Structures are given as structure tokens and as C-alpha cells.
>>> print(open('model.cif').read())   # mmCIF, C-alpha atoms
data_data
#
loop_
_atom_site.label_atom_id
_atom_site.label_comp_id
_atom_site.auth_asym_id
_atom_site.auth_seq_id
_atom_site.Cartn_x
_atom_site.Cartn_y
_atom_site.Cartn_z
CA MET S 2 -25.17 148.53 50.99
CA GLU S 3 -25.94 145.54 48.77
CA PHE S 4 -27.17 145.21 45.18
CA ALA S 5 -27.77 141.51 45.71
CA ASP S 6 -30.32 141.38 42.88
CA ASN S 7 -27.41 142.11 40.54
CA GLY S 8 -24.91 140.03 42.50
CA ILE S 9 -23.03 143.08 43.85
CA ILE S 10 -22.51 142.71 47.58
CA GLY S 11 -20.53 144.99 49.85
CA GLU S 12 -20.58 147.81 52.35
CA SER S 13 -16.98 149.02 52.29
CA ALA S 14 -16.27 152.70 51.74
CA ALA S 15 -14.38 151.88 48.52
CA LEU S 16 -17.38 150.11 47.03
CA GLY S 17 -19.73 152.74 48.42
CA GLU S 18 -18.07 155.39 46.27
CA VAL S 19 -18.60 153.20 43.19
CA PHE S 20 -22.29 152.85 44.09
CA ARG S 21 -22.60 156.62 44.58
CA VAL S 22 -21.30 157.35 41.08
CA LEU S 23 -23.38 154.51 39.59
CA HIS S 24 -26.60 155.99 41.02
CA LYS S 25 -25.80 159.33 39.41
CA VAL S 26 -24.73 158.10 35.98
CA ALA S 27 -27.21 155.22 35.47
CA PRO S 28 -30.19 157.38 34.34
CA THR S 29 -28.03 159.24 31.78
CA ASP S 30 -26.80 158.11 28.38
CA SER S 31 -23.18 158.96 29.12
CA THR S 32 -20.53 156.49 28.01
CA VAL S 33 -18.93 154.64 30.93
CA LEU S 34 -15.54 152.96 31.17
CA VAL S 35 -15.27 150.37 33.96
CA THR S 36 -11.76 149.38 35.02
CA GLY S 37 -10.54 146.83 37.51
CA GLU S 38 -8.57 143.63 37.88
CA SER S 39 -9.92 140.33 36.58
CA GLY S 40 -12.57 138.85 38.84
CA THR S 41 -13.70 142.08 40.50
CA GLY S 42 -17.23 141.90 39.05
CA LYS S 43 -17.10 144.42 36.20
CA GLU S 44 -19.92 142.78 34.23
CA LEU S 45 -22.15 142.67 37.33
CA LEU S 46 -21.58 146.39 37.79
CA VAL S 47 -22.46 147.10 34.15
CA ARG S 48 -25.64 145.02 34.44
CA ALA S 49 -26.58 147.04 37.53
CA LEU S 50 -25.94 150.20 35.52
CA HIS S 51 -28.23 149.01 32.72
CA SER S 52 -31.00 147.86 35.08
CA ARG S 53 -31.11 151.34 36.64
CA SER S 54 -31.03 153.19 33.31
CA LEU S 55 -33.86 154.51 31.15
CA ARG S 56 -32.97 151.67 28.76
CA ALA S 57 -33.68 148.95 31.33
CA GLU S 58 -36.60 147.51 29.33
CA LYS S 59 -34.44 147.25 26.20
CA PRO S 60 -31.75 144.64 25.43
CA PHE S 61 -28.48 144.33 27.32
CA VAL S 62 -25.97 142.82 24.89
CA PRO S 63 -22.50 141.87 26.18
CA ILE S 64 -19.58 140.87 24.00
CA ASN S 65 -16.13 139.79 25.17
CA CYS S 66 -13.70 141.42 22.76
CA GLY S 67 -10.86 139.16 23.91
CA ALA S 68 -12.73 135.86 23.55
CA ILE S 69 -13.72 136.13 19.87
CA PRO S 70 -11.09 135.70 17.11
CA LYS S 71 -10.27 139.08 15.58
CA GLU S 72 -11.32 137.93 12.10
CA LEU S 73 -14.83 137.18 13.43
CA LEU S 74 -15.24 140.08 15.85
CA GLU S 75 -16.21 142.67 13.23
CA SER S 76 -19.04 140.46 11.97
CA GLU S 77 -20.17 139.78 15.55
CA LEU S 78 -20.28 143.47 16.33
CA PHE S 79 -21.70 144.92 13.12
CA GLY S 80 -23.26 141.95 11.30
CA HIS S 81 -22.73 140.97 7.66
CA GLU S 82 -24.54 140.72 4.36
CA LYS S 83 -25.05 137.51 2.42
CA GLY S 84 -21.93 136.66 0.41
CA ALA S 85 -19.69 139.05 2.34
CA PHE S 86 -17.25 136.16 2.92
CA THR S 87 -17.03 132.43 2.23
CA HIS S 88 -19.45 131.14 4.86
CA ALA S 89 -21.86 134.09 4.81
CA ILE S 90 -24.79 132.14 3.36
CA ARG S 91 -27.34 134.63 4.73
CA SER S 92 -27.42 138.18 6.06
CA ARG S 93 -27.06 138.50 9.81
CA ALA S 94 -27.52 141.35 12.27
CA GLY S 95 -24.64 142.13 14.64
CA ARG S 96 -24.67 142.85 18.36
CA PHE S 97 -25.16 146.60 17.88
CA GLU S 98 -28.34 146.06 15.88
CA MET S 99 -29.57 143.46 18.39
CA ALA S 100 -29.08 146.01 21.18
CA ASP S 101 -30.93 148.85 19.44
CA GLY S 102 -32.50 151.00 22.15
CA GLY S 103 -30.50 149.26 24.86
CA THR S 104 -26.92 148.85 26.07
CA VAL S 105 -23.88 147.27 24.41
CA PHE S 106 -21.23 146.08 26.85
CA LEU S 107 -17.77 145.84 25.29
CA ASP S 108 -15.87 143.71 27.79
CA GLU S 109 -12.05 143.62 27.62
CA ILE S 110 -12.00 146.38 25.02
CA GLY S 111 -8.26 146.69 25.55
CA GLU S 112 -7.87 143.47 23.52
CA MET S 113 -9.50 144.97 20.41
CA GLU S 114 -7.52 145.48 17.21
CA GLN S 115 -6.96 149.10 16.18
CA SER S 116 -8.76 148.58 12.86
CA LEU S 117 -11.93 147.84 14.84
CA GLN S 118 -11.27 150.60 17.34
CA VAL S 119 -11.79 153.08 14.48
CA LYS S 120 -15.24 151.61 13.81
CA ILE S 121 -16.23 151.74 17.48
CA LEU S 122 -15.22 155.41 17.44
CA ARG S 123 -17.56 155.96 14.50
CA VAL S 124 -20.46 154.39 16.42
CA LEU S 125 -19.79 156.74 19.34
CA GLN S 126 -19.52 159.80 17.12
CA GLU S 127 -22.09 159.15 14.38
CA LYS S 128 -24.46 156.62 16.04
CA GLU S 129 -24.22 154.37 12.99
CA ILE S 130 -22.68 151.07 11.91
CA GLU S 131 -22.02 149.34 8.60
CA ARG S 132 -22.37 145.60 8.14
CA VAL S 133 -19.46 143.63 6.68
CA GLY S 134 -20.11 143.63 2.93
CA GLY S 135 -22.80 146.28 3.35
CA SER S 136 -23.38 149.17 0.97
CA GLY S 137 -24.18 151.91 3.48
CA PRO S 138 -24.50 152.91 7.13
CA ARG S 139 -27.33 151.95 9.48
CA LYS S 140 -28.39 154.12 12.40
CA VAL S 141 -28.31 152.50 15.87
CA ASP S 142 -29.48 153.89 19.20
CA VAL S 143 -27.32 152.24 21.85
CA ARG S 144 -25.49 153.18 25.00
CA ILE S 145 -21.92 151.89 25.00
CA VAL S 146 -20.30 150.74 28.23
CA ALA S 147 -16.78 149.32 28.06
CA ALA S 148 -14.60 147.49 30.56
CA THR S 149 -10.98 146.45 30.74
CA ASN S 150 -8.43 145.07 33.18
CA ARG S 151 -5.65 146.91 31.33
CA ASP S 152 -4.31 150.38 32.00
CA LEU S 153 -5.56 152.08 28.83
CA GLU S 154 -3.40 155.16 29.40
CA GLU S 155 -0.36 152.89 29.22
CA GLU S 156 -1.82 151.18 26.14
CA VAL S 157 -2.28 154.59 24.48
CA ALA S 158 1.32 155.58 25.33
CA ALA S 159 2.54 152.29 23.85
CA GLY S 160 0.56 152.88 20.65
CA ARG S 161 -1.72 149.86 21.15
CA PHE S 162 -4.93 151.79 21.83
CA ARG S 163 -6.27 154.84 20.04
CA GLU S 164 -6.10 157.99 22.11
CA ASP S 165 -9.25 159.48 20.57
CA LEU S 166 -11.25 156.34 21.38
CA TYR S 167 -9.91 156.28 24.94
CA TYR S 168 -11.18 159.80 25.61
CA ARG S 169 -14.53 159.01 23.97
CA LEU S 170 -14.98 155.98 26.24
CA ASN S 171 -13.65 157.55 29.42
CA VAL S 172 -16.45 160.10 29.88
CA ILE S 173 -17.47 158.55 33.22
CA PRO S 174 -14.73 156.33 34.72
CA LEU S 175 -15.76 153.70 37.26
CA HIS S 176 -12.99 151.77 38.98
CA LEU S 177 -13.84 148.57 40.83
CA PRO S 178 -11.32 148.11 43.64
CA PRO S 179 -9.67 144.71 44.12
CA LEU S 180 -10.84 142.60 47.04
CA ARG S 181 -7.64 143.30 48.99
CA GLU S 182 -8.71 146.98 49.12
CA ARG S 183 -12.19 146.16 50.44
CA ARG S 184 -11.42 143.59 53.12
CA GLY S 185 -14.52 144.58 55.05
CA ASP S 186 -16.55 142.91 52.29
CA ILE S 187 -14.71 139.57 52.35
CA LEU S 188 -16.77 137.94 55.11
CA LEU S 189 -20.01 139.33 53.66
CA LEU S 190 -19.14 137.60 50.39
CA VAL S 191 -18.06 134.42 52.18
CA ASP S 192 -21.42 134.32 53.96
CA HIS S 193 -23.31 134.97 50.70
CA PHE S 194 -21.47 132.27 48.74
CA LEU S 195 -21.66 129.66 51.52
CA THR S 196 -25.40 130.30 51.90
CA ARG S 197 -25.91 129.74 48.18
CA PHE S 198 -23.65 126.71 47.69
CA CYS S 199 -24.70 124.91 50.88
CA ALA S 200 -28.36 125.39 49.97
CA ARG S 201 -27.73 123.89 46.54
CA LYS S 202 -26.12 120.86 48.16
CA GLU S 203 -28.92 120.63 50.75
CA ARG S 204 -26.57 120.85 53.72
CA PRO S 205 -26.49 123.24 56.72
CA LYS S 206 -24.57 126.42 56.04
CA LEU S 207 -20.93 126.17 57.04
CA GLY S 208 -19.47 128.47 59.67
CA LEU S 209 -15.91 129.77 60.08
CA SER S 210 -13.56 129.16 62.97
CA PRO S 211 -11.94 132.35 64.35
CA GLN S 212 -8.56 131.32 62.90
CA ALA S 213 -10.00 130.55 59.46
CA ARG S 214 -11.71 133.92 59.55
CA ARG S 215 -8.40 135.67 60.22
CA VAL S 216 -6.71 133.76 57.38
CA LEU S 217 -9.40 134.63 54.83
CA LEU S 218 -9.18 138.31 55.81
CA ALA S 219 -5.38 138.33 55.54
CA TYR S 220 -5.15 136.59 52.15
CA SER S 221 -4.71 138.95 49.18
CA TRP S 222 -7.18 137.15 46.82
CA PRO S 223 -5.30 137.80 43.55
CA GLY S 224 -8.23 136.33 41.63
CA ASN S 225 -10.59 138.64 43.53
CA ILE S 226 -14.28 137.74 43.89
CA ARG S 227 -14.13 135.03 41.24
CA GLU S 228 -11.39 133.24 43.21
CA LEU S 229 -13.29 133.64 46.48
CA GLU S 230 -16.52 132.31 44.95
CA ASN S 231 -14.82 129.25 43.46
CA PHE S 232 -13.07 128.55 46.76
CA MET S 233 -16.31 128.72 48.75
CA GLU S 234 -17.95 126.28 46.32
CA ARG S 235 -15.03 123.90 46.82
CA LEU S 236 -15.32 124.11 50.61
CA SER S 237 -19.08 123.51 50.47
CA ILE S 238 -18.30 120.19 48.80
CA LEU S 239 -15.17 119.02 50.61
CA VAL S 240 -15.58 120.11 54.26
CA ASP S 241 -17.05 117.29 56.32
CA GLY S 242 -17.98 119.15 59.51
CA ASP S 243 -20.14 122.20 60.12
CA VAL S 244 -17.29 124.67 60.66
CA ILE S 245 -14.42 125.54 58.33
CA GLY S 246 -11.09 125.38 60.17
CA THR S 247 -7.54 126.14 59.10
CA ASP S 248 -7.05 122.42 58.37
CA ASP S 249 -9.62 122.82 55.56
CA LEU S 250 -7.65 125.63 53.91
CA PRO S 251 -5.11 124.84 51.16
CA CYS S 252 -1.37 125.30 51.62
CA LYS S 253 -1.41 127.99 48.92
CA ILE S 254 -3.46 130.30 51.15
CA LEU S 255 -1.76 129.34 54.44
CA ASP S 256 1.71 129.88 52.93
CA ALA S 257 0.66 133.24 51.48
CA VAL S 258 -0.51 134.68 54.82
CA GLY S 259 2.44 133.43 56.87
CA PRO S 260 2.48 132.22 60.51
CA LEU S 261 -1.03 132.20 61.97
CA GLU S 262 0.12 133.66 65.29
CA HIS S 263 1.28 136.79 63.47
CA LEU S 264 -2.04 137.49 61.76
CA PRO S 265 -3.82 140.65 62.94
CA ASP S 266 -7.15 140.46 64.67
CA PRO S 267 -10.09 141.52 62.50
CA GLU S 268 -11.00 145.21 62.54
CA PRO S 269 -14.16 146.09 64.50
CA ASP S 270 -16.01 146.98 61.30
CA ASP S 271 -15.44 143.56 59.74
CA ALA S 272 -18.47 141.31 59.36
CA PRO S 273 -19.47 139.43 62.55
CA ASP S 274 -18.11 135.98 63.28
CA MET S 275 -20.17 133.45 61.34
CA THR S 276 -19.86 130.87 64.11
CA ALA S 277 -21.81 132.88 66.69
CA PRO S 278 -24.52 135.56 66.93
CA ALA S 279 -23.51 139.21 67.05
CA VAL S 280 -22.74 140.60 70.48
CA ALA S 281 -23.23 144.06 71.91
CA GLY S 282 -20.71 146.61 70.64
CA ASP S 283 -20.61 149.17 67.89
CA ALA S 284 -22.98 147.15 65.68
CA ALA S 285 -26.54 148.41 65.29
CA PRO S 286 -28.86 146.75 67.84
CA GLU S 287 -31.40 144.16 66.77
CA ILE S 288 -34.95 145.49 67.00
CA CYS S 289 -38.32 143.72 66.98
CA VAL S 290 -41.17 145.59 65.30
CA GLY S 291 -44.75 144.42 65.79
CA GLY S 292 -43.66 140.97 66.86
CA ALA S 293 -41.62 140.40 63.69
CA ARG S 294 -38.29 138.62 63.82
CA PRO S 295 -35.34 140.82 64.87
CA PHE S 296 -33.41 142.84 62.35
CA ALA S 297 -30.57 145.37 62.59
CA TRP S 298 -31.46 149.02 62.01
CA PRO S 299 -29.05 151.00 59.81
CA ALA S 300 -26.62 153.10 61.81
CA LEU S 301 -24.94 156.46 61.19
CA ARG S 302 -21.71 154.62 60.37
CA ASP S 303 -23.51 152.99 57.41
CA MET S 304 -24.31 156.43 55.99
CA ASP S 305 -20.77 157.63 56.67
CA ALA S 306 -19.21 154.57 54.99
CA LEU S 307 -21.15 155.31 51.79
CA GLY S 308 -20.61 159.05 51.92
CA LEU S 309 -24.36 159.70 51.72
CA GLY S 310 -26.66 162.19 53.42
CA LEU S 311 -29.91 161.07 55.03
CA LYS S 312 -32.10 161.66 51.95
CA GLU S 313 -29.68 159.90 49.58
CA PHE S 314 -29.32 156.99 52.02
CA LEU S 315 -33.09 156.55 52.40
CA ASP S 316 -33.53 156.85 48.63
CA ALA S 317 -30.92 154.10 48.17
CA VAL S 318 -32.70 151.85 50.69
CA GLU S 319 -36.04 152.41 48.95
CA GLU S 320 -34.50 151.73 45.54
CA ARG S 321 -32.98 148.48 46.83
CA LEU S 322 -36.39 147.29 48.10
CA LEU S 323 -38.13 148.31 44.87
CA ASP S 324 -35.58 146.39 42.80
CA GLU S 325 -35.84 143.31 45.03
CA ALA S 326 -39.64 143.31 44.79
CA LEU S 327 -39.53 143.67 41.00
CA THR S 328 -36.97 140.86 40.78
CA LYS S 329 -39.01 138.50 42.95
CA SER S 330 -42.16 139.27 40.96
CA ASP S 331 -40.37 138.89 37.59
CA GLY S 332 -41.25 142.48 36.80
CA VAL S 333 -45.01 142.11 37.39
CA LYS S 334 -45.87 145.44 39.01
CA ASN S 335 -49.09 144.24 40.70
CA GLN S 336 -47.19 141.51 42.52
CA ALA S 337 -44.26 143.81 43.33
CA ALA S 338 -46.64 146.38 44.86
CA GLU S 339 -48.27 143.63 46.94
CA LEU S 340 -44.86 142.51 48.24
CA LEU S 341 -44.08 146.10 49.23
CA GLY S 342 -47.50 146.69 50.78
CA ILE S 343 -48.27 149.68 48.53
CA LYS S 344 -50.70 150.43 45.71
CA ARG S 345 -49.69 149.68 42.14
CA THR S 346 -50.11 153.38 41.27
CA THR S 347 -47.75 154.32 44.08
CA LEU S 348 -45.14 151.88 42.78
CA ILE S 349 -45.45 153.27 39.26
CA GLU S 350 -45.06 156.82 40.58
CA LYS S 351 -41.91 155.85 42.48
CA LEU S 352 -40.41 154.13 39.40
CA LYS S 353 -41.27 157.16 37.25
CA LYS S 354 -39.67 159.53 39.76
CA ARG S 355 -36.53 157.39 39.84
CA ARG S 356 -36.17 157.66 36.06
CA GLU S 357 -36.61 161.42 36.21
CA ASP S 358 -34.09 162.05 39.02
#
>>> encode(input="model.cif", output="C-alpha cells")
Amino acid sequence: MEFADNGIIGESAALGEVFRVLHKVAPTDSTVLVTGESGTGKELLVRALHSRSLRAEKPFVPINCGAIPKELLESELFGHEKGAFTHAIRSRAGRFEMADGGTVFLDEIGEMEQSLQVKILRVLQEKEIERVGGSGPRKVDVRIVAATNRDLEEEVAAGRFREDLYYRLNVIPLHLPPLRERRGDILLLVDHFLTRFCARKERPKLGLSPQARRVLLAYSWPGNIRELENFMERLSILVDGDVIGTDDLPCKILDAVGPLEHLPDPEPDDAPDMTAPAVAGDAAPEICVGGARPFAWPALRDMDALGLGLKEFLDAVEERLLDEALTKSDGVKNQAAELLGIKRTTLIEKLKKRRED
């Protein structure tokens, strides 16, 4: 399963469980706490959550709580009135007011000072904020989604994070597994990134030698998807030939995986070798329909990997195509319906049903 329109790509069972929960929670207003190591794609997941919510037409407003100095963060979040501090020459709305009706994404909330944690708790409980220097509360209608790479239970035990706020945020937990726990997605991501970066540089897409493929699957990717993406961009620039070999890989990666002769062969469910077409085996066969170019039908193992029944799987496929058509048409429903080969009224009915489910 891929949410490529949101940049989320994968078909591993670990990621499939995340997608399953996301589909259920997206149409609700429940508060979500996304956890995972740095570079696992937490913001992409939250954007996918927002785009599938009833607030999708309203603003999505992210704020990195660890990137803004603590003395400025309160003003960024809640806004300020003119004269509230030395450089406040005019009143200014904060991120919560900007997001009214939509979603506020509090990234790296584990970095937030406890004095501000109290105010976030008030927003969750009372649905209101107060500007810095303000004289009274203002109502806001926002969905709060938070993310962190810290273990907040440990932070609570250490007294660095408020227990009451933790439980208010952790209504629906979503944990993004590190790349080393979803190795079946590594070559899918490699293919995606090489396609993108090689196209930008107007060069044929690079392939992988069998040995390079084994190395990339064996490496632990401590920086997760961000590290993999940056590495693929580097290779798209520096590799001279058409195939990436082990000589093109840095010593850091080769040293980390150990002797090449000891590396395991890829599992059968790993993505196919990018240097050659798929061969007969347990992969779904390529089918031609009406003279169109071949494509691979979904197989039962795809349903099993995602833990979905037939109806849920078909619904997920339909939703993916609807989202892709809307993305390609920039949200213009007439054009999206034309891309899908259905009437505009049918498209609207399907979108309405999705919001109601």
C-alpha cells in the first residue's frame, strides 16, 4: 500500500498496521500522538491524517516546538497584543488562531517547557487560548496532533513532561516503526527516490547491483527515511554509470554491514531487483487488460500484509485512486472525475461517503 500523494510509501506489515489505524481515526476529531525516531516521516503521516479528515479543506498549521526559542514559542502559538513586549509593535494572531477549523501539528512536543505545557492542556480541555498580553480567552476550533521522538512515559517519570498533558495527547497513539523494522520497504523507497532525483537531473534512472541491494537491505539506517533519501540524492549525482555497485557505497555503510560474503540473501517478499524485470515466482502476475500496458494485480498476500479484509482492501484502493486524481487535478472535481472515468456526481457521492464512514 502506498500513500504516495502524501509521500508515505511502503507495503510492510508494520506500516500496514499504521495505515489501518490512520484510516479509522482520520475522520474523527480525536487527539493523536505520533511517536517514532527522527527521520521516520512523522510529519508526512500527520499530513495524511489531516488530508483524510473532515477538516481537510481547512488550514494545516505545523509548528516545531524544538526549533523556536522558548521565549518566542508562546507568542508563536497563541499570538500577542500590541505592546505585550518590547518589539510587539502590532497585534498578531498565533498558530492556533491561524488554524481555526483545521489541524495544529505540534512537532517535537517533548521539547516544550512545562509552563507552556499547561497552556496546551487548557486548549485541549477548554478549546480556548489567550494571547500574550491579552485581557481574556478566545475560542478556537482546532484538532491537535502531536509528535515526538522521545519516550514521553520516561519524560513523565523524570518530571520533565506533565502527566495530565501526556494522557490528554495520547488518546490515539500512532507509532511509526524505524526503517530497520520495515526492511521490505527499503527497496521501494530506493526506487522512489532514485526515480525522483534522476528525473530532476535528466539522467536515466539508476539500477542496483545484486551486492549493493544486499548491502542496502542489511544496513540499519539510523537516520531512517531521511538518511536514505539524502543518500539516494547523493548517488544520483555522483555515480557515473547506470548501475550502483558496492564501489559506489561509502565506507561508513560497508563497515557497518560487515563482510559482504556474510550478508543474507534478500527475503522473497523484498522488492524485485531493480536491475532486471520481475520473474515468475510468488509475485502477482502481470496482466494486460484491453491492450493496455501490463500491470501487477494485487494478491492475497497484499491483503494479509495489511491485515485487511476484501472490502477494506478495495475501499483502500479506491481511496488511493480518488486521492491521486484529486491531487493531479489540484482539487478540481470535474477534472478528477474525468481522470477516474466517472461522473462528477459519482465522485462527490464517494467523497461524501468517505467522510461519513
>>> atom_distance(input="model.cif", atom1="CA of Leu229 in chain S", atom2="CA of Thr36 in chain S")
19.5 Å
>>> residues_around(input="model.cif", residues="Gly111 in chain S", least_positions_apart="3", cutoff="9 Å", atoms="only C-alpha atoms", output="ChimeraX atom specification")
/S:66-67,108,114,148-153,156,161-162
>>> residues_around(input="model.cif", residues="Pro179 in chain S", least_positions_apart="3", cutoff="9 Å", atoms="only C-alpha atoms", output="list in words")
Gly37, Glu38, Ser39, Gly40, Thr41, Glu182, Arg183, Trp222, Pro223, Gly224, Asn225 and Ile226 of chain S
>>> residues_around(input="model.cif", residues="Arg215 in chain S", least_positions_apart="5", cutoff="9 Å", atoms="all atoms listed in the file", output="list of chain:residue names")
S:Ser210, S:Tyr220, S:Leu261, S:Leu264, S:Pro265, S:Asp266, S:Pro267
>>> closest_residue(input="model.cif", among="S:Leu207, S:Val141, S:Leu195, S:Leu323", to="Glu127 in chain S", atoms="all atoms listed in the file")
S:Val141
>>> closest_residue(input="model.cif", among="S:Lys25, S:Arg214, S:Lys329, S:Arg169", to="Val191 in chain S", atoms="only C-alpha atoms")
S:Arg214
>>> residues_around(input="model.cif", residues="range 82-92 of chain S", least_positions_apart="6", cutoff="8 Å", atoms="all atoms listed in the file", output="number ranges by chain")
S: 132-135
>>> closest_residue(input="model.cif", among="S:Leu166, S:Val244, S:Ala219, S:Val146", to="Val119 in chain S", atoms="only C-alpha atoms")
S:Leu166
>>> axis_aligned_box(input="model.cif", around="range 116-134 of chain S", padding_each_side="4 Å", output="lines of an AutoDock Vina configuration file")
center_x = -16.6
center_y = 151.7
center_z = 11.1
size_x = 23.7
size_y = 24.2
size_z = 24.4
>>> residues_around(input="model.cif", residues="Ile343 in chain S", least_positions_apart="6", cutoff="12 Å", atoms="only C-alpha atoms", output="PDB file with C-alpha atoms, keeping the file's coordinate frame")
ATOM      1  CA  LEU S 323     -38.130 148.310  44.870  1.00  0.00           C
ATOM      2  CA  ALA S 326     -39.640 143.310  44.790  1.00  0.00           C
ATOM      3  CA  LYS S 334     -45.870 145.440  39.010  1.00  0.00           C
ATOM      4  CA  ASN S 335     -49.090 144.240  40.700  1.00  0.00           C
ATOM      5  CA  GLN S 336     -47.190 141.510  42.520  1.00  0.00           C
ATOM      6  CA  ALA S 337     -44.260 143.810  43.330  1.00  0.00           C
ATOM      7  CA  ILE S 349     -45.450 153.270  39.260  1.00  0.00           C
ATOM      8  CA  GLU S 350     -45.060 156.820  40.580  1.00  0.00           C
ATOM      9  CA  LYS S 351     -41.910 155.850  42.480  1.00  0.00           C
TER      10      LYS S 351
END
>>> atom_distance(input="model.cif", atom1="CA of Glu131 in chain S", atom2="CA of Leu107 in chain S")
17.6 Å
>>> closest_residue(input="model.cif", among="S:Ile238, S:Ile130, S:Ala158, S:Ile64", to="Ile110 in chain S", atoms="all atoms listed in the file")
S:Ile64
>>> resolve_selection(input="model.cif", expression="the PyMOL selection byres ((chain S and resi 325) around 10)", output="PyMOL selection string")
chain S and resi 4-7+319-324+326-332+337+340-341
>>> write_last_selection(input="model.cif", atoms="C-alpha atoms", output="PDB file, in the coordinates of the input")
ATOM      1  CA  PHE S   4     -27.170 145.210  45.180  1.00  0.00           C
ATOM      2  CA  ALA S   5     -27.770 141.510  45.710  1.00  0.00           C
ATOM      3  CA  ASP S   6     -30.320 141.380  42.880  1.00  0.00           C
ATOM      4  CA  ASN S   7     -27.410 142.110  40.540  1.00  0.00           C
ATOM      5  CA  GLU S 319     -36.040 152.410  48.950  1.00  0.00           C
ATOM      6  CA  GLU S 320     -34.500 151.730  45.540  1.00  0.00           C
ATOM      7  CA  ARG S 321     -32.980 148.480  46.830  1.00  0.00           C
ATOM      8  CA  LEU S 322     -36.390 147.290  48.100  1.00  0.00           C
ATOM      9  CA  LEU S 323     -38.130 148.310  44.870  1.00  0.00           C
ATOM     10  CA  ASP S 324     -35.580 146.390  42.800  1.00  0.00           C
ATOM     11  CA  ALA S 326     -39.640 143.310  44.790  1.00  0.00           C
ATOM     12  CA  LEU S 327     -39.530 143.670  41.000  1.00  0.00           C
ATOM     13  CA  THR S 328     -36.970 140.860  40.780  1.00  0.00           C
ATOM     14  CA  LYS S 329     -39.010 138.500  42.950  1.00  0.00           C
ATOM     15  CA  SER S 330     -42.160 139.270  40.960  1.00  0.00           C
ATOM     16  CA  ASP S 331     -40.370 138.890  37.590  1.00  0.00           C
ATOM     17  CA  GLY S 332     -41.250 142.480  36.800  1.00  0.00           C
ATOM     18  CA  ALA S 337     -44.260 143.810  43.330  1.00  0.00           C
ATOM     19  CA  LEU S 340     -44.860 142.510  48.240  1.00  0.00           C
ATOM     20  CA  LEU S 341     -44.080 146.100  49.230  1.00  0.00           C
TER      21      LEU S 341
END
>>> closest_residue(input="model.cif", among="S:Val216, S:Leu16, S:Arg56, S:Ile173", to="Thr32 in chain S", atoms="only C-alpha atoms")
S:Ile173
